[in-house]
Amino acid sequence: QSASRVESYSVNNEFDCFCKFLRIPFCMSIKQAASKDAIGIFWCELLSSDKYRNSLDYRENKTFHHFFLLVGSVL
């Protein structure tokens, strides 16, 4: 089982993936390749959940990074 994919992209750098992520309000996290492929492109997947909302959907993986935005806090 895995998190629901919103969209996926091939991007030139990590920043391009984050820009796409910020433009989609229902996107909760990013799964991004840890390194470029043979032609210098990063693979990026926008997800509808994050590892704290659906922890069973996420597994540690050395070939991908998982990023999310922390919104709000409890004091």
# chains A, B, ... in the order shown; residues from 1 in each chain; ligands from 1

call {"tool": "residues_around", "arguments": {"residues": "His65 in chain A", "least_positions_apart": "5", "cutoff": "6 Å", "atoms": "only C-alpha atoms", "output": "MDAnalysis selection string"}}
result
chainID A and resid 31:32 34

call {"tool": "atom_distance", "arguments": {"atom1": "CA of Thr63 in chain A", "atom2": "CA of Ile30 in chain A"}}
result
13.5 Å

call {"tool": "atom_distance", "arguments": {"atom1": "CA of Asp16 in chain A", "atom2": "CA of Asp37 in chain A"}}
result
15.5 Å

call {"tool": "atom_distance", "arguments": {"atom1": "CA of Leu22 in chain A", "atom2": "CA of Leu69 in chain A"}}
result
9.5 Å
